[in-house]
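Q: To be precise about what I am sending: the file is called run.txt and holds compact mmCIF, C-alpha atoms.
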# COMPACT_ATOMS: atom_id res chain seq x y z
CA MET A 3 -53.56 60.43 72.59
CA THR A 4 -52.10 57.39 70.84
CA LYS A 5 -52.88 54.90 73.62
CA LYS A 6 -56.45 53.58 73.72
CA LYS A 7 -58.32 55.20 76.61
CA LYS A 8 -61.66 54.99 78.34
CA ILE A 9 -63.13 58.50 78.38
CA VAL A 10 -66.29 59.77 80.07
CA VAL A 11 -67.71 63.09 78.83
CA LYS A 12 -70.29 65.02 80.85
CA ILE A 13 -72.53 67.69 79.30
CA GLY A 14 -74.71 70.05 81.33
CA SER A 15 -78.19 71.34 80.55
CA SER A 16 -76.98 74.89 79.92
CA LEU A 17 -74.89 73.67 76.98
CA LEU A 18 -77.69 71.64 75.41
CA ALA A 19 -80.70 73.90 75.91
CA ASN A 20 -81.15 77.56 75.05
CA GLU A 21 -81.87 79.30 78.35
CA ASP A 22 -84.49 81.68 76.94
CA ASN A 23 -86.72 79.41 74.87
CA LEU A 24 -85.60 75.99 76.21
CA THR A 25 -84.88 74.53 72.78
CA LEU A 26 -81.93 72.42 71.67
CA ARG A 27 -78.62 74.01 70.73
CA TYR A 28 -77.99 71.96 67.60
CA ALA A 29 -74.76 73.78 66.73
CA PHE A 30 -73.17 72.59 69.98
CA MET A 31 -74.51 69.06 69.53
CA ASN A 32 -72.94 68.89 66.07
CA GLY A 33 -69.52 69.94 67.34
CA LEU A 34 -69.78 67.50 70.24
CA MET A 35 -70.83 64.51 68.15
CA SER A 36 -68.14 65.24 65.57
CA ASP A 37 -65.48 65.09 68.27
CA LEU A 38 -66.97 61.99 69.91
CA ALA A 39 -67.03 60.18 66.57
CA LYS A 40 -63.36 61.04 65.98
CA LEU A 41 -62.38 59.79 69.43
CA GLN A 42 -64.23 56.53 68.85
CA LYS A 43 -62.64 56.06 65.41
CA ASP A 44 -59.25 56.55 67.07
CA GLY A 45 -60.04 53.47 69.13
CA HIS A 46 -61.09 55.03 72.43
CA ASP A 47 -64.08 53.78 74.45
CA ILE A 48 -66.38 56.77 75.03
CA ILE A 49 -69.37 57.32 77.31
CA LEU A 50 -71.50 60.47 77.30
CA THR A 51 -73.39 61.48 80.44
CA SER A 52 -75.94 64.06 79.42
CA SER A 53 -78.32 66.35 81.25
CA GLY A 54 -81.05 68.20 79.36
CA SER A 55 -84.25 66.16 79.52
CA VAL A 56 -85.91 68.35 82.16
CA ALA A 57 -84.97 71.62 80.46
CA LEU A 58 -86.22 70.43 77.09
CA GLY A 59 -89.53 69.17 78.47
CA LEU A 60 -90.51 72.23 80.52
CA ASN A 61 -92.24 73.94 77.58
CA MET A 62 -94.54 70.95 77.19
CA VAL A 63 -95.67 71.16 80.83
CA GLY A 64 -95.94 74.95 80.72
CA LYS A 65 -93.26 75.77 83.26
CA ARG A 66 -90.07 77.80 83.53
CA PRO A 67 -87.02 76.42 85.39
CA GLU A 68 -87.44 78.87 88.28
CA ASP A 69 -91.13 77.95 88.76
CA ALA A 70 -90.99 74.18 88.33
CA GLY A 71 -91.57 71.90 91.33
CA ILE A 72 -90.41 68.30 91.65
CA LEU A 73 -93.54 66.86 89.98
CA ASP A 74 -93.24 69.39 87.14
CA LYS A 75 -89.62 68.35 86.61
CA GLN A 76 -90.48 64.65 86.64
CA ALA A 77 -93.15 65.23 84.00
CA ALA A 78 -90.79 67.45 82.01
CA ALA A 79 -88.13 64.75 82.07
CA ALA A 80 -90.59 62.23 80.66
CA CYS A 81 -91.42 64.69 77.85
CA GLY A 82 -87.88 65.88 77.21
CA GLN A 83 -85.96 62.60 77.19
CA PRO A 84 -87.39 61.39 73.83
CA LEU A 85 -86.65 64.81 72.30
CA LEU A 86 -83.07 64.69 73.58
CA MET A 87 -82.35 61.15 72.43
CA ASN A 88 -83.95 61.70 69.04
CA ALA A 89 -81.74 64.75 68.53
CA TYR A 90 -78.64 62.83 69.59
CA ARG A 91 -79.54 59.96 67.24
CA GLN A 92 -80.10 62.27 64.27
CA VAL A 93 -76.91 64.27 64.78
CA ALA A 94 -74.81 61.19 65.57
CA SER A 95 -75.97 59.48 62.35
CA GLU A 96 -74.39 62.30 60.35
CA TYR A 97 -71.02 61.18 61.74
CA GLU A 98 -71.73 57.44 61.39
CA LEU A 99 -71.96 57.09 65.16
CA ASP A 100 -74.40 54.65 66.76
CA VAL A 101 -75.85 55.61 70.14
CA ALA A 102 -77.71 53.85 72.95
CA GLN A 103 -79.70 55.26 75.86
CA MET A 104 -79.21 54.22 79.50
CA LEU A 105 -81.31 55.77 82.29
CA VAL A 106 -80.18 55.13 85.86
CA THR A 107 -81.21 56.04 89.41
CA VAL A 108 -79.22 56.43 92.59
CA GLU A 109 -80.38 52.97 93.67
CA ASP A 110 -78.85 51.48 90.52
CA MET A 111 -75.48 53.04 91.32
CA GLU A 112 -75.48 52.19 95.05
CA ASP A 113 -76.61 48.56 94.73
CA ARG A 114 -73.58 46.41 93.92
CA ARG A 115 -75.40 43.93 91.68
CA ARG A 116 -77.16 46.60 89.62
CA PHE A 117 -73.92 48.57 89.41
CA LEU A 118 -72.14 45.57 87.87
CA ASN A 119 -75.06 44.88 85.51
CA ILE A 120 -74.83 48.45 84.18
CA LYS A 121 -71.08 48.04 83.74
CA ASN A 122 -71.56 44.79 81.78
CA THR A 123 -74.06 46.49 79.48
CA MET A 124 -71.57 49.29 78.80
CA MET A 125 -68.83 46.79 78.01
CA LYS A 126 -71.07 45.06 75.47
CA LEU A 127 -71.89 48.41 73.84
CA PHE A 128 -68.15 49.15 73.60
CA GLU A 129 -67.60 45.81 71.85
CA ASN A 130 -70.09 46.87 69.19
CA ASP A 131 -68.74 50.43 68.79
CA ILE A 132 -71.90 51.97 70.21
CA LEU A 133 -71.80 55.18 72.24
CA PRO A 134 -73.73 54.87 75.54
CA ILE A 135 -75.58 58.06 76.48
CA ILE A 136 -76.39 58.03 80.19
CA ASN A 137 -78.72 60.24 82.18
CA GLU A 138 -80.33 60.05 85.58
CA ASN A 139 -83.91 58.82 85.31
CA ASP A 140 -85.41 62.13 86.37
CA SER A 141 -88.97 61.01 85.62
CA VAL A 142 -88.89 58.72 88.68
CA ALA A 143 -86.24 60.45 90.82
CA THR A 144 -87.39 62.43 93.85
CA ARG A 145 -85.83 65.27 95.80
CA ASP A 146 -84.60 62.89 98.50
CA LEU A 147 -83.64 59.93 96.32
CA ARG A 148 -81.59 60.97 93.34
CA VAL A 149 -78.05 61.24 92.13
CA GLY A 150 -78.61 64.97 92.44
CA ASP A 151 -76.36 66.09 89.60
CA ASN A 152 -74.89 64.52 86.52
CA ASP A 153 -71.39 65.67 87.52
CA ARG A 154 -71.20 63.06 90.25
CA LEU A 155 -73.06 60.58 88.06
CA SER A 156 -70.33 60.98 85.45
CA ALA A 157 -67.70 60.33 88.13
CA LYS A 158 -69.53 57.17 89.22
CA VAL A 159 -69.56 56.04 85.59
CA ALA A 160 -65.84 56.80 85.29
CA GLN A 161 -65.25 54.73 88.40
CA MET A 162 -67.46 51.96 87.02
CA ILE A 163 -65.50 51.46 83.80
CA GLN A 164 -62.11 52.37 85.33
CA ALA A 165 -61.84 55.33 82.97
CA ASP A 166 -58.59 57.12 82.23
CA LEU A 167 -60.17 60.53 81.76
CA LEU A 168 -63.32 62.40 82.78
CA ILE A 169 -64.12 65.54 80.77
CA ILE A 170 -66.73 67.90 82.23
CA LEU A 171 -67.88 70.59 79.83
CA THR A 172 -69.51 73.61 81.39
CA SER A 173 -70.27 77.30 80.74
CA VAL A 174 -66.92 78.59 82.10
CA GLU A 175 -63.30 77.87 81.24
CA GLY A 176 -62.63 76.00 84.47
CA LEU A 177 -61.97 76.65 88.15
CA TYR A 178 -61.25 80.09 89.60
CA ASP A 179 -60.19 80.97 93.13
CA ARG A 180 -63.42 82.97 93.49
CA ASP A 181 -66.49 83.95 91.50
CA PRO A 182 -65.31 84.37 87.86
CA SER A 183 -67.24 87.63 87.63
CA ASP A 184 -64.81 89.15 90.14
CA PRO A 185 -62.15 91.05 88.11
CA GLU A 186 -59.49 89.82 90.55
CA ALA A 187 -60.45 86.15 90.16
CA LYS A 188 -57.48 83.96 89.26
CA PHE A 189 -57.73 80.94 87.00
CA ILE A 190 -56.56 77.62 88.45
CA ALA A 191 -55.04 75.35 85.81
CA GLU A 192 -54.12 72.37 87.97
CA VAL A 193 -55.62 70.87 91.12
CA GLU A 194 -54.11 68.23 93.38
CA ASP A 195 -56.18 68.55 96.57
CA VAL A 196 -59.83 69.30 95.80
CA THR A 197 -60.58 70.26 99.41
CA ASP A 198 -58.40 73.35 99.01
CA HIS A 199 -60.91 74.82 96.56
CA LEU A 200 -64.36 73.89 97.87
CA GLU A 201 -65.05 77.28 99.50
CA SER A 202 -64.71 79.11 96.18
CA THR A 203 -67.18 76.90 94.30
CA THR A 204 -70.63 78.29 95.09
CA GLY A 205 -73.47 79.10 92.71
CA ILE A 206 -75.40 77.13 90.08
CA SER A 207 -76.91 77.91 86.69
CA ASP A 208 -80.64 78.39 86.15
CA LEU A 209 -80.91 75.21 84.10
CA GLY A 210 -78.47 72.98 85.98
CA SER A 211 -78.72 71.20 89.34
CA GLY A 212 -75.04 71.66 90.15
CA GLY A 213 -72.32 74.27 89.94
CA MET A 214 -68.54 74.18 90.28
CA LEU A 215 -68.89 72.58 93.72
CA THR A 216 -70.42 69.42 92.26
CA LYS A 217 -67.71 69.38 89.60
CA MET A 218 -65.03 69.46 92.30
CA LEU A 219 -66.81 66.68 94.19
CA ALA A 220 -66.93 64.68 90.97
CA ALA A 221 -63.24 65.33 90.37
CA ASN A 222 -62.44 64.03 93.85
CA MET A 223 -64.44 60.85 93.17
CA ALA A 224 -62.59 60.41 89.89
CA GLN A 225 -59.21 61.03 91.57
CA ASN A 226 -59.90 58.23 94.04
CA ALA A 227 -60.67 55.93 91.11
CA GLY A 228 -57.37 56.74 89.35
CA CYS A 229 -59.03 58.95 86.73
CA GLU A 230 -57.93 62.46 85.75
CA THR A 231 -60.57 65.14 85.28
CA ILE A 232 -60.61 68.02 82.80
CA ILE A 233 -63.08 70.86 83.40
CA GLY A 234 -63.45 73.17 80.44
CA GLU A 235 -65.82 75.42 78.53
CA GLY A 236 -68.28 73.76 76.17
CA ILE A 237 -67.60 75.80 73.04
CA ILE A 238 -69.37 75.09 69.75
CA GLU A 239 -66.41 74.24 67.52
CA ARG A 240 -64.31 71.21 68.56
CA PRO A 241 -65.35 71.32 72.24
CA LEU A 242 -63.34 68.19 73.11
CA SER A 243 -60.49 67.97 70.61
CA SER A 244 -59.39 71.55 71.28
CA LEU A 245 -59.02 70.70 74.98
CA LEU A 246 -57.15 67.47 74.34
CA ALA A 247 -54.79 69.29 71.97
CA ASN A 248 -54.13 71.95 74.66
CA GLU A 249 -55.32 74.69 72.32
CA ARG A 250 -57.17 76.52 75.09
CA ARG A 251 -57.01 76.63 78.84
CA TYR A 252 -58.86 74.35 81.23
CA THR A 253 -58.57 72.98 84.75
CA ARG A 254 -56.93 69.58 85.19
CA CYS A 255 -57.55 67.64 88.41
CA LEU A 256 -54.70 65.20 88.91
CA VAL A 257 -54.76 61.68 90.27
CA THR A 258 -53.08 61.53 93.67
CA GLY A 259 -52.00 58.50 95.67
CA GLU A 260 -52.48 54.82 94.92
CA THR A 261 -55.70 53.57 93.34
CA ALA A 262 -57.66 51.05 95.41
CA SER A 263 -59.40 47.95 94.08
CA PRO A 264 -62.68 48.43 92.15
CA LEU A 265 -64.68 47.20 95.16
CA LYS A 266 -62.97 49.60 97.55
CA ILE A 267 -63.44 52.47 95.09
CA TRP A 268 -67.15 51.66 94.88
CA LEU A 269 -67.32 51.63 98.67
CA SER A 270 -65.60 55.00 99.00
CA ASN A 271 -67.68 57.09 96.58
CA ARG A 272 -71.23 57.18 97.93
CA LEU A 273 -74.05 59.26 96.53
CA GLN A 274 -76.40 58.49 99.39
CA VAL A 275 -75.98 57.41 103.01
CA SER A 276 -77.79 54.14 103.75
CA GLY A 277 -76.88 54.12 107.43
CA THR A 278 -74.16 54.74 109.98
CA LEU A 279 -72.35 52.88 112.76
CA VAL A 280 -70.53 54.41 115.71
CA VAL A 281 -67.73 52.36 117.30
CA SER A 282 -65.29 53.09 120.11
CA ASN A 283 -62.05 54.90 119.38
CA ALA A 284 -60.13 51.73 120.26
CA VAL A 285 -62.09 49.66 117.74
CA ALA A 286 -61.72 52.44 115.16
CA ASP A 287 -57.95 52.39 115.62
CA ALA A 288 -57.89 48.61 115.17
CA VAL A 289 -59.96 48.84 111.99
CA ILE A 290 -57.69 51.56 110.62
CA ALA A 291 -54.67 49.34 111.36
CA GLY A 292 -56.32 46.56 109.36
CA ASP A 293 -56.46 44.23 112.35
CA CYS A 294 -60.18 43.43 112.39
CA GLY A 295 -63.70 43.90 111.11
CA ILE A 296 -66.57 45.26 113.20
CA SER A 297 -68.38 42.81 115.45
CA ARG A 298 -71.78 43.27 117.07
CA GLY A 299 -70.09 43.95 120.40
CA ASP A 300 -68.19 46.86 118.85
CA VAL A 301 -71.31 48.81 117.91
CA ILE A 302 -72.12 51.75 120.16
CA SER A 303 -75.00 53.08 118.07
CA ILE A 304 -76.57 52.96 114.64
CA GLN A 305 -78.56 55.39 112.55
CA GLY A 306 -80.81 54.82 109.55
CA GLU A 307 -82.84 51.93 108.20
CA PHE A 308 -80.74 49.69 105.97
CA THR A 309 -80.63 46.15 104.65
CA LYS A 310 -77.97 43.49 104.27
CA GLY A 311 -75.45 44.48 101.59
CA ASP A 312 -75.87 48.24 102.06
CA VAL A 313 -72.80 50.42 102.54
CA LEU A 314 -72.50 51.90 106.02
CA HIS A 315 -70.49 54.94 107.12
CA VAL A 316 -68.43 54.14 110.20
CA TYR A 317 -67.62 56.85 112.78
CA ASN A 318 -65.54 56.83 115.94
CA GLU A 319 -66.76 58.25 119.26
CA ASP A 320 -65.48 61.70 118.31
CA GLY A 321 -67.80 61.84 115.30
CA VAL A 322 -65.03 61.42 112.72
CA GLU A 323 -65.85 59.21 109.73
CA MET A 324 -63.06 56.67 109.46
CA ALA A 325 -64.32 53.88 107.18
CA ARG A 326 -67.08 52.60 104.94
CA GLY A 327 -68.10 49.00 104.58
CA LEU A 328 -70.69 46.46 103.44
CA THR A 329 -72.98 45.32 106.21
CA ASN A 330 -73.78 41.63 106.68
CA PHE A 331 -77.01 42.48 108.53
CA SER A 332 -79.98 44.83 108.37
CA SER A 333 -80.37 47.64 110.89
CA GLU A 334 -83.05 45.66 112.74
CA GLU A 335 -80.81 42.58 112.92
CA ILE A 336 -77.87 44.60 114.25
CA MET A 337 -80.06 45.99 117.01
CA LEU A 338 -81.15 42.49 118.03
CA LEU A 339 -77.60 41.15 117.91
CA ALA A 340 -76.15 44.07 119.90
CA ARG A 341 -78.79 43.62 122.61
CA ASN A 342 -78.24 39.88 122.90
CA LEU A 343 -74.47 39.49 123.01
CA ASP A 344 -74.69 36.33 125.10
CA MET A 345 -76.72 34.47 122.44
CA PRO A 346 -75.30 32.85 119.26
CA VAL A 347 -75.92 34.83 116.05
CA GLU A 348 -78.00 32.00 114.56
CA SER A 349 -80.26 31.88 117.61
CA VAL A 350 -80.93 35.62 117.45
CA ILE A 351 -81.69 36.07 113.74
CA GLY A 352 -82.73 32.53 112.77
CA TYR A 353 -80.15 31.65 110.11
CA LYS A 354 -76.44 30.88 109.73
CA THR A 355 -74.20 33.66 108.49
CA LYS A 356 -70.95 35.49 109.13
CA SER A 357 -70.76 36.86 112.65
CA ASP A 358 -69.14 40.23 111.91
CA VAL A 359 -71.42 43.18 111.25
CA VAL A 360 -68.87 44.36 108.68
CA GLY A 361 -66.11 41.97 107.62
CA ALA A 362 -62.52 43.20 107.40
CA GLU A 363 -62.42 42.26 103.71
CA ASN A 364 -65.35 44.59 102.98
CA ILE A 365 -64.05 47.69 104.78
CA LEU A 366 -62.43 50.71 103.16
CA VAL A 367 -60.43 52.88 105.55
CA LEU A 368 -60.79 56.50 104.48
CA GLU A 369 -57.65 58.50 103.79
CA ASP A 370 -56.82 62.17 103.29
CA ASN A 371 -57.84 62.06 99.62
CA HIS A 372 -61.43 61.08 100.47
CA LEU A 373 -64.03 63.72 101.28
CA LEU A 374 -65.56 62.78 104.64
CA LEU A 375 -69.20 63.10 105.64
CA ASP A 376 -70.15 64.73 108.94
CA ALA A 377 -71.62 62.46 111.59
CA PRO A 378 -75.42 62.64 112.08
CA GLU A 379 -76.54 65.29 114.57
CA ASP A 380 -77.81 64.27 118.01
CA ASP A 381 -81.33 65.33 117.09
CA GLN A 382 -81.35 62.68 114.35
CA LYS A 383 -82.00 60.18 117.15
CA LEU A 384 -79.13 57.75 116.94
CA VAL A 385 -80.37 54.44 118.32
CA VAL A 386 -78.16 53.13 121.10
CA PRO A 387 -78.24 49.39 121.89
CA VAL A 388 -78.93 48.58 125.52
Could the structure of this file be written out as structure tokens, please?
A:
Amino acid sequence: MTKKKKIVVKIGSSLLANEDNLTLRYAFMNGLMSDLAKLQKDGHDIILTSSGSVALGLNMVGKRPEDAGILDKQAAAACGQPLLMNAYRQVASEYELDVAQMLVTVEDMEDRRRFLNIKNTMMKLFENDILPIINENDSVATRDLRVGDNDRLSAKVAQMIQADLLIILTSVEGLYDRDPSDPEAKFIAEVEDVTDHLESTTGISDLGSGGMLTKMLAANMAQNAGCETIIGEGIIERPLSSLLANERRYTRCLVTGETASPLKIWLSNRLQVSGTLVVSNAVADAVIAGDCGISRGDVISIQGEFTKGDVLHVYNEDGVEMARGLTNFSSEEIMLLARNLDMPVESVIGYKTKSDVVGAENILVLEDNHLLLDAPEDDQKLVVPV
């Protein structure tokens, strides 16, 4: 690793907290911080995405992981986050490593302006040789509005800084073709197409919110951003450097295909669906060919409540997701425009703006390397303009 790289490292709760008494595993933290300090001294830009705040705070609210509800976990996160950051600061200081805390929510990652503000903060921390430690803000996150797992959060961060490498440390050596407890399970050292392995990635740990499935989803997000992913066991001694030196086995998820622009990458990797559009197959084909955007007359139906600037998922009449794009209008405005095709846009909504619902310049056509989302079911009451 002679060339300077941007590296994102993700650590799960099961590596940081003892499962029985929910206390910090300082031996692991020491090995981790030692390796991170060496990587930084070698000139690499490093970001750590860290779980652990909920697990560490559960004792203070008198709960076990299996008994804790969403409010218990929010309170535990508020209690555990200071413990976690204080431990990181103390251990990091032993290796002359300065750290900073950044707490984010799904809204921060999905809103373009906030996304860029977070990126700018990270760049400034890099300039000052400070290690950003990022976690989802679990004290305010809810079951329906959250990143959901720090695996995908780490992939969003990798996308954000255009990282070269994402390292996900977990409790197993990497990916197997079935449950690792099965004596016939085979280890998979290299992955090109993540979709080939999704069926074998079930199960989560008691402390974590994700299992191997979320790690594969994160790897796919990283692939689309031109970033390789390494999934390996979080051992105590040299957890990172031993992987990078190929001293033990791990799973490497390769980058496939051409990397899109940062905007298109941001469009493609969504953590939450703001809304959907359904267009005719003919319009879908034209969009895929790059011939046009999506006009108000192209919209067959919409689903969800969204605002201008949100990312919409675009489906054809067969229910196949074919693109994602930034909307120029809210859901209410699109309904008004679609129902009044004979009136000028300005007359319908009361101000001058671009006429396309989604402009061609703000559309990403999905390809085979993107994981698609199923279309909403009929009972989700798609609203059809009349």
Q: Env of A:Leu58: 8 Å cut, atoms = only C-alpha atoms, seq-sep filter 4 positions within chain, self excluded. Answer as a VMD selection string.
A: chain A and resid 19 24 to 26 54 78 to 79 81 to 83 85 to 86
Q: With only C-alpha atoms as the atoms that count, which of A:Arg116, A:Lys310, A:Arg240, A:His372 lies nearest to A:Ser36?
A: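 Residue with the minimum atom-to-atom distance to A:Ser36: A:Arg240.
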Q: Tell me which of A:Met125, A:Leu18, A:Met62, A:Ala284 sits closest to A:Ile48, counting only C-alpha atoms.
A: A:Met125
Q: Would you list the contacts of stretch 351-364 of chain A as an NGL selection string, taking every protein, DNA or RNA residue within 9 Å and counting only C-alpha atoms, but skipping same-chain residues closer than 3 positions in sequence?
A: :A and (265-266 or 269 or 289 or 292-298 or 301 or 314 or 326-331 or 335-336 or 338-339 or 346-348)
Q: As AutoDock Vina command-line options, please: the centre and edge lengths in Å, to one decimal, of an axis-aligned box enclosing every listed atom of stretch 336-351 of chain A with 3 Å added on each side.
A:
--center_x -78.1 --center_y 38.9 --center_z 119.4 --size_x 13.2 --size_y 20.1 --size_z 17.4
Q: Go through A:Asn23, A:Leu245, A:Glu230, A:Tyr28 and flag the residue nearest A:Leu167, using all atoms listed in the file for the distances.
A: A:Glu230
Q: Quote the spacing between atom CA of A:Val285 and atom CA of A:Ala340 in Å to one decimal place.
A: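 Atom CA of A:Val285 sits 15.3 Å away from atom CA of A:Ala340.
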Q: Can you work out which one of A:Asp140, A:Val322, A:Ala77, A:Lys6 has the shortest atom-to-atom distance to A:Lys65, counting only C-alpha atoms?
A: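 Looking only at the distances to A:Lys65, the closest residue turns out to be A:Ala77.
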Q: Within 9 Å of (-71.3, 54.5, 109.6) (file coordinates; all atoms listed in the file), which protein or nucleic acid residues are there? I'd like them as a PDB file with C-alpha atoms, in the coordinates of the input.
A:
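Saved to point_12.pdb:
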ATOM      1  CA  VAL A 275     -75.980  57.410 103.010  1.00  0.00           C
ATOM      2  CA  SER A 276     -77.790  54.140 103.750  1.00  0.00           C
ATOM      3  CA  GLY A 277     -76.880  54.120 107.430  1.00  0.00           C
ATOM      4  CA  THR A 278     -74.160  54.740 109.980  1.00  0.00           C
ATOM      5  CA  LEU A 279     -72.350  52.880 112.760  1.00  0.00           C
ATOM      6  CA  VAL A 280     -70.530  54.410 115.710  1.00  0.00           C
ATOM      7  CA  VAL A 281     -67.730  52.360 117.300  1.00  0.00           C
ATOM      8  CA  ILE A 304     -76.570  52.960 114.640  1.00  0.00           C
ATOM      9  CA  GLN A 305     -78.560  55.390 112.550  1.00  0.00           C
ATOM     10  CA  VAL A 313     -72.800  50.420 102.540  1.00  0.00           C
ATOM     11  CA  LEU A 314     -72.500  51.900 106.020  1.00  0.00           C
ATOM     12  CA  HIS A 315     -70.490  54.940 107.120  1.00  0.00           C
ATOM     13  CA  VAL A 316     -68.430  54.140 110.200  1.00  0.00           C
ATOM     14  CA  TYR A 317     -67.620  56.850 112.780  1.00  0.00           C
ATOM     15  CA  ASN A 318     -65.540  56.830 115.940  1.00  0.00           C
ATOM     16  CA  GLU A 323     -65.850  59.210 109.730  1.00  0.00           C
ATOM     17  CA  MET A 324     -63.060  56.670 109.460  1.00  0.00           C
ATOM     18  CA  ALA A 325     -64.320  53.880 107.180  1.00  0.00           C
ATOM     19  CA  ARG A 326     -67.080  52.600 104.940  1.00  0.00           C
ATOM     20  CA  GLY A 327     -68.100  49.000 104.580  1.00  0.00           C
ATOM     21  CA  ALA A 377     -71.620  62.460 111.590  1.00  0.00           C
TER      22      ALA A 377
END
Q: Tell me, in Å to one decimal, how far atom CA of A:Asp287 is from atom CA of A:Leu373.
A: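 So the answer is 19.3 Å.
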Q: Given the choices A:Val11, A:Leu41, A:Ile120, A:Ala102, which gets closest to A:Ile233 if the distance is worked out from only C-alpha atoms?
A: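 Closest to A:Ile233 of all the choices is A:Val11.
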Q: Between atom CA of A:Ser349 and atom CA of A:Gly311, what is the distance, to one decimal in Å?
A: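 It comes out at 20.9 Å.
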Q: Kindly indicate which residue among A:Asp74, A:Leu38, A:Phe189, A:Gly236 lies nearest to A:Val101, using all atoms listed in the file for the distances.
A: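 Closest to A:Val101, using all atoms listed in the file: A:Leu38.
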Q: Which residues are near A:Asp110? Cut-off 12 Å, all atoms listed in the file, ignore same chain within fewer than 2 positions. Put them as a list in words.
A: Met104, Leu105, Val106, Thr107, Val108, Glu112, Asp113, Arg114, Arg115, Arg116, Phe117, Leu118, Asn119, Ile120, Lys121, Glu138, Asn139, Ala143, Leu147, Arg148, Val149, Leu155, Lys158, Val159, Met162, Leu273 and Gln274 of chain A
